[in-house]
Structures are given as C-alpha cells and as structure tokens.
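Working notes for the structure below.
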2 protein chains.
Amino acid sequence: MSPTTTPAKSQSHVVISDPHPTTLSSAKVLEPRWERRKDARPGELAAAALELFIEKGFSATRLDDVARRAGVSKGTLYLYFDSKEELFKTVISEGIVSRIAEYEARMCEYEGSSADLLRDLISTWWEQIGATTLGGITKLMLSEAGNFPALAQYYHENVITRGMGLFDYVVKRGIERGEFRNVPTEYLPRLSAAPVVMLMLWRHSFDLCGCEQIEPKEYLALHTDMLIHALKLDPNQDKTSA
Amino acid sequence: MSPTTTPAKSQSHVVISDPHPTTLSSAKVLEPRWERRKDARPGELAAAALELFIEKGFSATRLDDVARRAGVSKGTLYLYFDSKEELFKTVISEGIVSRIAEYEARMCEYEGSSADLLRDLISTWWEQIGATTLGGITKLMLSEAGNFPALAQYYHENVITRGMGLFDYVVKRGIERGEFRNVPTEYLPRLSAAPVVMLMLWRHSFDLCGCEQIEPKEYLALHTDMLIHALKLDPNQDKTSA
DNA sequence: AAAATTACTGACTTATCAGTCATTAAGATA
DNA sequence: TATCTTAATGACTGATAAGTCAGTAATTTT
C-alpha cells in the first residue's frame, strides 16, 4: 500500500493524500486533504444524519458514520452540533413545515371543484414530501416518539395537525359547496391521509428489503377515486349518513 | 416490600437470611429470594421484551431492563435466549400469525353479506390485534425492518401478505356476488387496511405523549362506512370505474 | 436430614460509541 | 513569502451495555 511514501510508521496525521499516483506531475498540485466549508457543513451533516436515522433509527446510528457520510470527521460534527440529540432535533424540525405552509397558501386561492382539489392535494403531497427523503421523517418520528416526547409533541402540532388541516379544509369546502355528502368530519382528514402516510412508511421499511413494491401512482389514484366516490352525494336522498 | 426480610443486602452473595428482625414468627416462613420457574420464564421474558421493544425500539432497549421487568436477572435471560437478536426474533414471530389463521377459518364459513363481513373483519382485527399488545409489533417491525431484513421478509410473508389476503377475500367475494362494484382490486386490500394499521401505529406513538387521542370505535366505524359506500354499486350504470 | 441437581444470580469482561481536545493545515491577511 | 486565524482532524476518555461464568440457594432425590 502507498507505493511512493509512508515508510512504516502509521502515526498521527502523517497520512499522505496521494496526489497523483502514477504521473510525474505529483509535486504540482497537491490537492488539499480537506477543505474549509463552514457554511456547507451543517446542511450536509444534517442530510447525512437524516438518511442514517431513517435507515437505522436514532439509537442504532453512529455519529462516526454520519460524519463519514458527510465527508468529515466526527470532531467536525461536534463543531456544528452540541450533541446527538440536538442533531436529531434539527433534522426533524426542518423541511416539512415549510412545504405545508406553501400548500396552505396555494389552497386558499384555488377556484375549481373540491374533488379536483383533493386530487391535487394528494398528488402534490406525494411529489413534494412522500417521494422525497422527507417522507422518511414520518417513520423516524413514529419510531422515536416514545423516546422524545417533547419533540413528538412539536411534530404533532406543526406537522401532523397542520397536514390534517389541509384535508380538513378540502372536505369542509366540499360539503359547504354542496359537492360532497355530509359525512361526519371529525376523523375524515385522518382517514384521507392514512393511505398516503402508509405509503410513505412502506417505502422506508418493507420496500427496502426485497418485499413487493407498491406502484405509488396507481395506489394513490385508486385511493383518490375511492375517497371521492365515498363522498359523492347520494342521488336519491339528502339525509346525512349514520 | 418484604417487611420481614432483607435487611441491607449490598454485598457479594454474603447476604444473611435475616436472623431475628422484629417479630417472633420470623423463623417460620422465610420466603425464598427467588423461585425456580423454568417453564414460565421464557414467556415472561418475551412479554417484557415486547413491551420494551415497542416502547423504546430494539437498540434503545437494555437487557437489564427486560430482565428486571420480567422479575429475573440478566443471567437468567441468557439461560433462555442466546442473544438480544434471538430474543427479538422470538418476540416478533409469535402471536399474530395464529390470529390470522383463526380468522381465515372463520371467514370461509361466513354466510352473510360481504358488507357485514367487512365490518366484522375490521372490528375483529381491532379487538384481537390492534387493541392488544400485538398491535405494537407492527410499529416495531416497521422501525426495524432496515436492521433485520430477513426477519422483515418473514413478517411480510406471514403477517402482512396473509392479513391483506383477508381483505382481498372479502372484496373479491363482494364483487363476485354482485354486492360491490367492480373496482380494480390490486391495491384495494392495502387501502382497506391502511387506516386500521395507522390506528395501531398511532396508539403506540403519538397517543402516548399527550397528543390528541383517537376514539377507535368512531374512527373505525367511519372508515367502514366510507369503504362500503365507495364500494356500493352505481345505481344507474354497470360500466366499471376508470 | 444429607446429598445431588440445577435454576438463578450478579460481578466481571469486553466492545462499542458519545463526546473531548491537543494538534494540524487550509486559506485569509499582511 | 511569512504570519495569523480557525476549520478540521483523529487519538483518546469515560460511560454504557451485551454477553460470561463462578458461585449460591431453591428444590428434588436419596
């Protein structure tokens, strides 16, 4: 190993960066062993941590691995985060909230039918969150809720409740405008969201280990159709359902 | 605790069997420090482990805690299980499979309407699995699927696939008998099960940390109604849906 | 009652990993 | 080019927890 340098002594910090292994130009560049990228590190570390937390869970994730995946040493990680737990909190708190806020705004301006809005909500959710890394946060938070109750409450208030709120808005809008039949709305948002959430969870669990894959487009299309069908006005009556 | 015995005990096996503490009857009973219960231990250990795995996850659960909850020492745990991983596998593999087999048998004999069968399936599932400790296994397996791919596959084949099979049977039965409209059945079992599974997950995560509770009966009743409504025959047509 | 058996104990060993810090070198400044 | 600042390193420490085993005592057998 290391043909040109490093006699024996595998000592501290003596490793050579093997600039140009074969050519003669070796003395020329000597590209640095590492770069100073103060601004980029936190984001890269958080992204690496998110991936590993989702994959292995909080406890089973080693900070050495997080650091390596982000291309730095563990010491560097501790320059930017005080502890493993703080890193976890950072990772959870980012990302999803802003997407929800965006959609809340978009929804207020919407003019078309409530059925179409529902379709749009579900497909947008999938594209913006479910299909991305953010989708894994749900699984992560679900697994760790018991170990981080305060964080779980934060997540519940800022992500789950507001996410349900989107569905709530659509359903109520549909009923008010006479497009949907008047079902009890208490648990309707949860029911509408459940299949979407399950799909996200699936993708970050059984999907990975060679089990059958789900085709998101088809699955969600069927869900949406079923939902709209279930909300259709009864043609021959106007009494509310049981 | 143990009013008559155990004075201080902190030493290495030197504990004295309590000469004459206060009463005169002391010599009489001298209840043993522990009992030999070879047959009961594995079950008790597995039950304790299940609870803690569900609560904290696999990695975050300490075997000392498992042993203590089962009322034995860690050494005893290792008399009955070779490793933490084996304990985990045992805990996962037991329980649910037999419930599913039971229901498969019951379902074959069923005579009534498919809508009623669907209602029965969902409420039975909830009572037999969801509302019991078994419900937590789902969350556990979901969290740990990435760390135990082989076990995840086993679970997928023996629990998930067969559980979905129950829904599949009902839906196909309904369509064949002309009770339900002819929707594409590929993902219908998943969609029917998703809200039930989500409810189980919820109970073992956010439900615990002071977040809003779900009322299972109402939630499941609405789900069932929505589902049956979505599967109702279209009154004025017999074309299949998109 | 004494001897034999074995379920059970808990201190110990060992490995792992979160968190620290003295040292190093990249890049800015003079 | 030399000097200075500080981002980055990685060997080290201490704590925690999986797994072991010599010893102890509950129960059975004689």
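By convention here, the chains of the structure tokens are called A, B, ... in the order presented, each chain's residues are numbered starting at 1, and ligands are numbered starting at 1 in the order presented.
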*Do a neighbour search on Cys211 (chain B) at 9 Å with only C-alpha atoms (C1' of nucleotides), toss out local chain neighbours closer than 4 positions, and write the hits as an MDAnalysis selection string.*
(chainID A and resid 152:153 156:157) or (chainID B and resid 206:207)
*Using only C-alpha atoms (C1' of nucleotides), which residues sit within 12 Å of DT16 (chain D) once same-chain residues fewer than 6 positions away are excluded, as a ChimeraX atom specification?*
/B:60,62,64 /C:15-18
Could those selected residues go to a file with N, CA and C atoms (P, O5', C5', C4', C3', O3' and C1' of nucleotides), as an mmCIF file, in the first residue's frame?
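Result saved to selection_17.cif:
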```
data_model
loop_
_atom_site.group_PDB
_atom_site.id
_atom_site.type_symbol
_atom_site.label_atom_id
_atom_site.label_comp_id
_atom_site.auth_asym_id
_atom_site.auth_seq_id
_atom_site.Cartn_x
_atom_site.Cartn_y
_atom_site.Cartn_z
ATOM 1 N N ALA B 60 -32.452 0.774 21.681
ATOM 2 C CA ALA B 60 -32.513 1.555 22.913
ATOM 3 C C ALA B 60 -32.976 0.726 24.106
ATOM 4 N N ARG B 62 -32.493 -2.010 26.927
ATOM 5 C CA ARG B 62 -31.397 -2.706 27.607
ATOM 6 C C ARG B 62 -31.881 -4.022 28.187
ATOM 7 N N ASP B 64 -30.834 -5.563 30.714
ATOM 8 C CA ASP B 64 -31.016 -5.464 32.159
ATOM 9 C C ASP B 64 -32.445 -5.051 32.495
ATOM 10 P P DA C 15 -12.969 -7.419 23.058
ATOM 11 O "O5'" DA C 15 -14.174 -6.586 22.433
ATOM 12 C "C5'" DA C 15 -15.474 -7.166 22.393
ATOM 13 C "C4'" DA C 15 -16.483 -6.111 21.997
ATOM 14 C "C3'" DA C 15 -15.986 -5.119 20.959
ATOM 15 O "O3'" DA C 15 -17.023 -4.913 20.013
ATOM 16 C "C1'" DA C 15 -16.648 -3.958 22.911
ATOM 17 P P DT C 16 -16.745 -4.021 18.723
ATOM 18 O "O5'" DT C 16 -17.826 -2.864 18.900
ATOM 19 C "C5'" DT C 16 -19.039 -3.124 19.601
ATOM 20 C "C4'" DT C 16 -19.613 -1.834 20.130
ATOM 21 C "C3'" DT C 16 -19.435 -0.653 19.164
ATOM 22 O "O3'" DT C 16 -20.713 -0.096 18.953
ATOM 23 C "C1'" DT C 16 -18.795 -0.058 21.360
ATOM 24 P P DC C 17 -20.966 0.844 17.701
ATOM 25 O "O5'" DC C 17 -21.178 2.270 18.359
ATOM 26 C "C5'" DC C 17 -21.995 2.386 19.534
ATOM 27 C "C4'" DC C 17 -21.671 3.671 20.253
ATOM 28 C "C3'" DC C 17 -21.371 4.860 19.313
ATOM 29 O "O3'" DC C 17 -22.033 5.987 19.838
ATOM 30 C "C1'" DC C 17 -19.675 4.636 20.891
ATOM 31 P P DA C 18 -22.601 7.141 18.885
ATOM 32 O "O5'" DA C 18 -22.802 8.346 19.908
ATOM 33 C "C5'" DA C 18 -23.611 8.156 21.065
ATOM 34 C "C4'" DA C 18 -23.099 9.006 22.211
ATOM 35 C "C3'" DA C 18 -22.951 10.489 21.904
ATOM 36 O "O3'" DA C 18 -23.333 11.227 23.061
ATOM 37 C "C1'" DA C 18 -20.827 9.594 22.503
#
```
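Counting only C-alpha atoms, the residue from A:Leu50, A:Leu142, A:Val171, A:Ile160 that sits nearest to chain B is A:Leu142.
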*asked:* Can you tell me, as a ChimeraX atom specification, which residues in region 58-170 of chain A count as alpha helix (DSSP H) by DSSP?
replied: /A:63-69,74-80,84-93,96-108,114-125,134-144,149-155,161-170
_Option closest in space to chain D, from B:Gly136, B:Gly95, B:Gly174, B:Gly75 [counting only C-alpha atoms (C1' of nucleotides)]_ = B:Gly75
*Give me, as a ChimeraX atom specification, the contact residues of chain A against chain B at a cut-off of 7 Å, counting only C-alpha atoms.*
/A:55-56,59-60,142-143,145-147,149,152-153,187,191,194-195,198,205-206,209,211,219,223,226-227,229-230
Test item: chain A residues at most 9 Å from chain D, counting only C-alpha atoms (C1' of nucleotides), as a short mmCIF file (atom, residue, chain, number, x, y, z; two decimals) with all heavy atoms, in the first residue's frame:
```cif
data_model
loop_
_atom_site.label_atom_id
_atom_site.label_comp_id
_atom_site.auth_asym_id
_atom_site.auth_seq_id
_atom_site.Cartn_x
_atom_site.Cartn_y
_atom_site.Cartn_z
N SER A 12 0.27 9.55 13.78
CA SER A 12 -0.81 10.53 13.81
C SER A 12 -0.64 11.59 12.73
O SER A 12 0.34 12.30 12.71
CB SER A 12 -0.84 11.21 15.18
OG SER A 12 0.42 11.79 15.43
N HIS A 13 -1.64 11.67 11.88
CA HIS A 13 -1.72 12.75 10.89
C HIS A 13 -0.67 12.66 9.81
O HIS A 13 -0.46 13.60 9.07
CB HIS A 13 -1.58 14.12 11.57
CG HIS A 13 -2.55 14.34 12.67
ND1 HIS A 13 -2.50 15.41 13.51
CD2 HIS A 13 -3.64 13.63 13.05
CE1 HIS A 13 -3.49 15.33 14.38
NE2 HIS A 13 -4.18 14.24 14.12
N TRP A 34 -8.35 18.30 2.97
CA TRP A 34 -9.74 18.68 3.23
C TRP A 34 -9.92 20.15 2.94
O TRP A 34 -8.93 20.90 2.83
CB TRP A 34 -10.15 18.36 4.67
CG TRP A 34 -9.12 18.67 5.73
CD1 TRP A 34 -8.24 17.79 6.27
CD2 TRP A 34 -8.86 19.92 6.36
NE1 TRP A 34 -7.44 18.41 7.19
CE2 TRP A 34 -7.81 19.71 7.28
CE3 TRP A 34 -9.41 21.19 6.25
CZ2 TRP A 34 -7.30 20.75 8.08
CZ3 TRP A 34 -8.90 22.22 7.04
CH2 TRP A 34 -7.85 21.97 7.95
N GLU A 35 -11.15 20.57 2.83
CA GLU A 35 -11.44 21.97 2.55
C GLU A 35 -12.17 22.59 3.74
O GLU A 35 -12.79 21.89 4.53
CB GLU A 35 -12.33 22.08 1.31
CG GLU A 35 -11.62 21.70 0.03
CD GLU A 35 -12.60 21.73 -1.14
OE1 GLU A 35 -13.47 20.86 -1.23
OE2 GLU A 35 -12.47 22.65 -1.96
N ARG A 36 -12.10 23.88 3.82
CA ARG A 36 -12.85 24.60 4.84
C ARG A 36 -14.15 25.05 4.22
O ARG A 36 -14.16 25.86 3.31
CB ARG A 36 -12.05 25.81 5.31
CG ARG A 36 -10.60 25.50 5.56
CD ARG A 36 -9.86 26.75 5.93
NE ARG A 36 -9.72 26.83 7.36
CZ ARG A 36 -9.26 27.90 8.00
NH1 ARG A 36 -8.99 29.00 7.34
NH2 ARG A 36 -9.13 27.89 9.30
N ARG A 37 -15.23 24.51 4.70
CA ARG A 37 -16.53 24.84 4.11
C ARG A 37 -17.54 25.02 5.23
O ARG A 37 -18.55 24.35 5.32
CB ARG A 37 -16.94 23.75 3.13
CG ARG A 37 -16.01 23.72 1.91
CD ARG A 37 -16.21 22.51 1.02
NE ARG A 37 -17.58 22.40 0.57
CZ ARG A 37 -18.39 21.38 0.87
NH1 ARG A 37 -17.95 20.40 1.61
NH2 ARG A 37 -19.60 21.36 0.42
N LYS A 38 -17.24 26.00 6.02
CA LYS A 38 -18.02 26.31 7.22
C LYS A 38 -19.53 26.37 6.96
O LYS A 38 -20.33 25.88 7.75
CB LYS A 38 -17.54 27.64 7.77
CG LYS A 38 -18.06 28.06 9.14
CD LYS A 38 -17.43 29.43 9.47
CE LYS A 38 -18.16 30.17 10.57
NZ LYS A 38 -18.00 29.60 11.91
N VAL A 72 -16.67 14.23 6.53
CA VAL A 72 -15.85 14.91 7.53
C VAL A 72 -15.57 13.93 8.68
O VAL A 72 -16.00 12.79 8.65
CB VAL A 72 -16.53 16.16 8.10
CG1 VAL A 72 -16.74 17.21 7.01
CG2 VAL A 72 -17.86 15.81 8.76
N SER A 73 -14.85 14.43 9.67
CA SER A 73 -14.58 13.58 10.83
C SER A 73 -15.59 13.89 11.93
O SER A 73 -16.30 14.89 11.88
CB SER A 73 -13.18 13.84 11.36
OG SER A 73 -13.15 15.11 11.96
N LYS A 74 -15.61 13.01 12.92
CA LYS A 74 -16.60 13.20 13.98
C LYS A 74 -16.38 14.51 14.73
O LYS A 74 -17.34 15.17 15.15
CB LYS A 74 -16.57 12.03 14.96
CG LYS A 74 -17.74 12.04 15.90
CD LYS A 74 -17.89 10.76 16.67
CE LYS A 74 -16.62 10.42 17.41
NZ LYS A 74 -16.82 9.34 18.38
N GLY A 75 -15.12 14.89 14.87
CA GLY A 75 -14.83 16.16 15.54
C GLY A 75 -15.53 17.32 14.87
O GLY A 75 -16.05 18.22 15.54
N THR A 76 -15.54 17.30 13.55
CA THR A 76 -16.21 18.38 12.82
C THR A 76 -17.70 18.42 13.13
O THR A 76 -18.27 19.50 13.29
CB THR A 76 -15.99 18.19 11.31
OG1 THR A 76 -14.59 18.22 11.05
CG2 THR A 76 -16.67 19.28 10.53
N LEU A 79 -18.36 20.44 15.95
CA LEU A 79 -18.21 21.89 15.80
C LEU A 79 -19.56 22.54 15.53
O LEU A 79 -19.79 23.69 15.87
CB LEU A 79 -17.28 22.21 14.64
CG LEU A 79 -15.80 21.90 14.83
CD1 LEU A 79 -15.04 22.23 13.56
CD2 LEU A 79 -15.25 22.69 16.00
#
```
_Taking only C-alpha atoms (C1' of nucleotides) into account, name the residue in C:DA4, C:DA11, C:DA22, C:DA30 that is nearest to chain A._
C:DA22
Which residues of chain C have any atom within 10 Å of an atom in chain A when counting only C-alpha atoms (C1' of nucleotides), and what is the closest pair of atoms for each, with the distance in Å to one decimal? Order the rows by chain and rising number and write it as a Markdown table.
```
| residue | atom | partner | partner_atom | distance |
| --- | --- | --- | --- | --- |
| C:DT16 | C1' | A:Arg62 | CA | 9.9 |
| C:DC17 | C1' | A:Arg62 | CA | 7.1 |
| C:DA18 | C1' | A:Lys84 | CA | 7.8 |
| C:DG19 | C1' | A:Ser83 | CA | 7.9 |
| C:DT20 | C1' | A:Gly75 | CA | 8.7 |
| C:DC21 | C1' | A:Gly75 | CA | 9.6 |
| C:DT23 | C1' | A:His13 | CA | 9.0 |
| C:DT24 | C1' | A:His13 | CA | 7.6 |
| C:DA25 | C1' | A:Arg33 | CA | 8.8 |
| C:DA26 | C1' | A:Glu35 | CA | 6.6 |
| C:DG27 | C1' | A:Arg36 | CA | 7.9 |
```
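For the choices B:Gly130, B:Gly112, B:Pro42, B:Gly165, the atom-to-atom distance to Leu87 (chain B) is smallest for B:Pro42 when using only C-alpha atoms.
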